[in-house]
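Here's the structure, in structure tokens; my notes come after.
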Amino acid sequence: MRKTPWSQPMIGLRSAQTLSLGDGVTVGVVGTGVDVRAGAFKGRISGDGKDDCVGHGTFAAGLVAAAPAKGVGFVGVAPHARIVGVRATTERGVTDADSIATAITSAVDAGCGVVLVSVPYGKPSKQMKSAVQDALKKDVVVVAPAAGGDQLSAPAYPGALPGVVAVGAVGVDGAPYPSGRKATPATPDLVAPGDRLISLGPGGGHFTASGDPVAAAYVAGAAALVRAYDTSLSAKEVVTRLQSTAVRPAGRVPGPLAGYGMLDLVAAVSGVNDSSRAVAAPHGVDIRPYRVPKPEPSVSPLSAWIVTGCAMLVTALAAAVAAAVPRGRARRWQAGSRGVGEDV
């Protein structure tokens with residue numbers, strides 16, 4: 001875990017964190033609960049997730065606000081933000097529209113300026129629609145997956161409701177994750193990294209997960225950075241900032257699946273997205289929209305040893321054959337009468 005996860009440079013995380021760390025902002029994570037014992041949230045967490053048996057809520061909260069740790073490349077987007085974990089599921093992770101609605105209301109009542117709904121549902125209810133509208137009226141940024149579960153082409157709620165920032169996942173190459181997903185009706189507002197992301201799990205340790213729900217956690221963290229950097233912005237203005245500064249790398253994210261484009265943290269926080277020139281900013285950051293890097297091939301130590309071993313074996317076999325052929329010809333390929341292991 002010493003290496004920096006591929007997703008962090010893709011959105012310009014470290015540069016953005018020289019501008020803002022999310023101080024003073026509280027993010028509600030609606031999902032399976034958040035393990036309040038996780039050291040990465042020490043002193044910055046509250047809620048009802050002591051027993052996050054599923055782990056999804058803790059994972060999403062880690063992407064939003066996990067503190068940096070010595071020797072660990074992973075860090076949350078807004079590591080100074082506070083987290084309120086609100087369970088909207090059973091202990092096994094089962095949810096419904098009304099449970100999500102109740103959890104959204106609880107997060108808003110707890111003073112959250114950003115609410116991430118990390119557990120999508122296939123259809124809305126009157127209570128869910130009402131809870132979302134109430135959150136928006138109270139100046140809360142609501143972020144949710146554009147799709148979820150196995151129905152990756154179907155809209156997920158509350159992401160498909162008006163005013164909610166719906167987020168789609170992309171892979172390391174900037175293409176929609178998973179490849180081949182349909183454009184409609186689940187069209188995102190923004191896209192963010194969502195393939196094999198690294199984050200926290202209940203009880204400690206690091207895990208990986210993929211999909212729109214984890215990509216949405218990055219956007220929720222971005223909203224926290226923006227709200228902390230410019231406290232004068234309303235929730236609607238924060239959403240506009242995220243959308244207007246998004247990047248659409250040429251040839252990488254096809255039209256309808258990209259929404260406004262790829263999340264660009266530095267541009268979102270600073271409000272600058274002029275790619276033609278560098279702009280002076282606080283802390284001396286050189287602000288330019290981030291461009292998706294080409295994926296670099298990587299070989300694990302185990303794979304390297306396997307390849308090396310196979311090469312040595314092939315070399316040894318070739319040498320043995322080279323030595324045996326002349327001797328075989330001299331004996332006209334007749335078997336010897338000596339025992340196994342003796343010279344022939």
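Within each chain, counting starts at residue 1; across the structure tokens, chains are named A, B, ... in the order shown, with ligands numbered 1 upward in that order.
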Pull the helix (DSSP H, G or I) assignments for stretch 47-232 of chain A out of DSSP run on the backbone, and list those residues as a PyMOL selection string. chain A and resi 56-65+97-109+126-137+212-229
Keeping C-alpha atoms for every residue in the selection just given, could you write it to a file as a short mmCIF file (atom, residue, chain, number, x, y, z; two decimals), in the first residue's frame?
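Saved as again.cif:
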```
data_model
loop_
_atom_site.label_atom_id
_atom_site.label_comp_id
_atom_site.auth_asym_id
_atom_site.auth_seq_id
_atom_site.Cartn_x
_atom_site.Cartn_y
_atom_site.Cartn_z
CA HIS A 56 -19.51 -0.71 1.99
CA GLY A 57 -20.24 2.37 4.11
CA THR A 58 -16.80 2.33 5.72
CA PHE A 59 -15.20 1.93 2.30
CA ALA A 60 -17.09 4.91 0.87
CA ALA A 61 -16.31 7.04 3.93
CA GLY A 62 -12.62 6.21 3.53
CA LEU A 63 -12.62 7.49 -0.05
CA VAL A 64 -14.28 10.68 1.14
CA ALA A 65 -12.22 11.51 4.21
CA ALA A 97 -36.40 3.72 -1.03
CA ASP A 98 -38.00 4.77 2.24
CA SER A 99 -35.03 3.62 4.30
CA ILE A 100 -32.73 5.70 2.12
CA ALA A 101 -35.09 8.67 2.50
CA THR A 102 -35.07 8.40 6.29
CA ALA A 103 -31.27 8.22 6.29
CA ILE A 104 -30.96 11.30 4.05
CA THR A 105 -33.18 13.25 6.43
CA SER A 106 -31.10 12.10 9.41
CA ALA A 107 -27.88 13.25 7.69
CA VAL A 108 -29.38 16.67 6.90
CA ASP A 109 -30.67 17.04 10.46
CA LYS A 126 -42.65 9.73 -2.44
CA GLN A 127 -40.69 9.82 0.80
CA MET A 128 -37.36 9.66 -1.05
CA LYS A 129 -38.35 12.45 -3.42
CA SER A 130 -39.47 14.57 -0.49
CA ALA A 131 -36.26 13.91 1.47
CA VAL A 132 -34.09 14.91 -1.50
CA GLN A 133 -36.05 18.09 -2.17
CA ASP A 134 -35.86 19.03 1.51
CA ALA A 135 -32.08 18.49 1.49
CA LEU A 136 -31.66 20.69 -1.58
CA LYS A 137 -33.81 23.42 -0.03
CA ASP A 212 -20.59 3.88 -9.64
CA PRO A 213 -21.13 3.90 -5.84
CA VAL A 214 -17.39 4.19 -5.14
CA ALA A 215 -16.91 6.76 -7.92
CA ALA A 216 -19.65 8.81 -6.26
CA ALA A 217 -17.58 8.90 -3.07
CA TYR A 218 -14.84 10.78 -4.93
CA VAL A 219 -17.33 13.42 -6.07
CA ALA A 220 -18.74 13.77 -2.55
CA GLY A 221 -15.20 14.36 -1.28
CA ALA A 222 -14.69 16.93 -4.04
CA ALA A 223 -17.83 18.77 -2.95
CA ALA A 224 -16.43 18.90 0.58
CA LEU A 225 -13.16 20.40 -0.69
CA VAL A 226 -15.03 23.05 -2.68
CA ARG A 227 -17.33 23.98 0.23
CA ALA A 228 -14.35 24.32 2.57
CA TYR A 229 -12.35 26.40 0.08
#
```
Shell around stretch 74-87 of chain A at 7 Å using only C-alpha atoms, local window under 5 positions removed, as a ChimeraX atom specification: /A:4-5,13,21-34,44-49,62-68,103,107,218,221-222,224-225
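Take atom CA of A:Gly55 and atom CA of A:Ser125: the distance between them is 25.8 Å.
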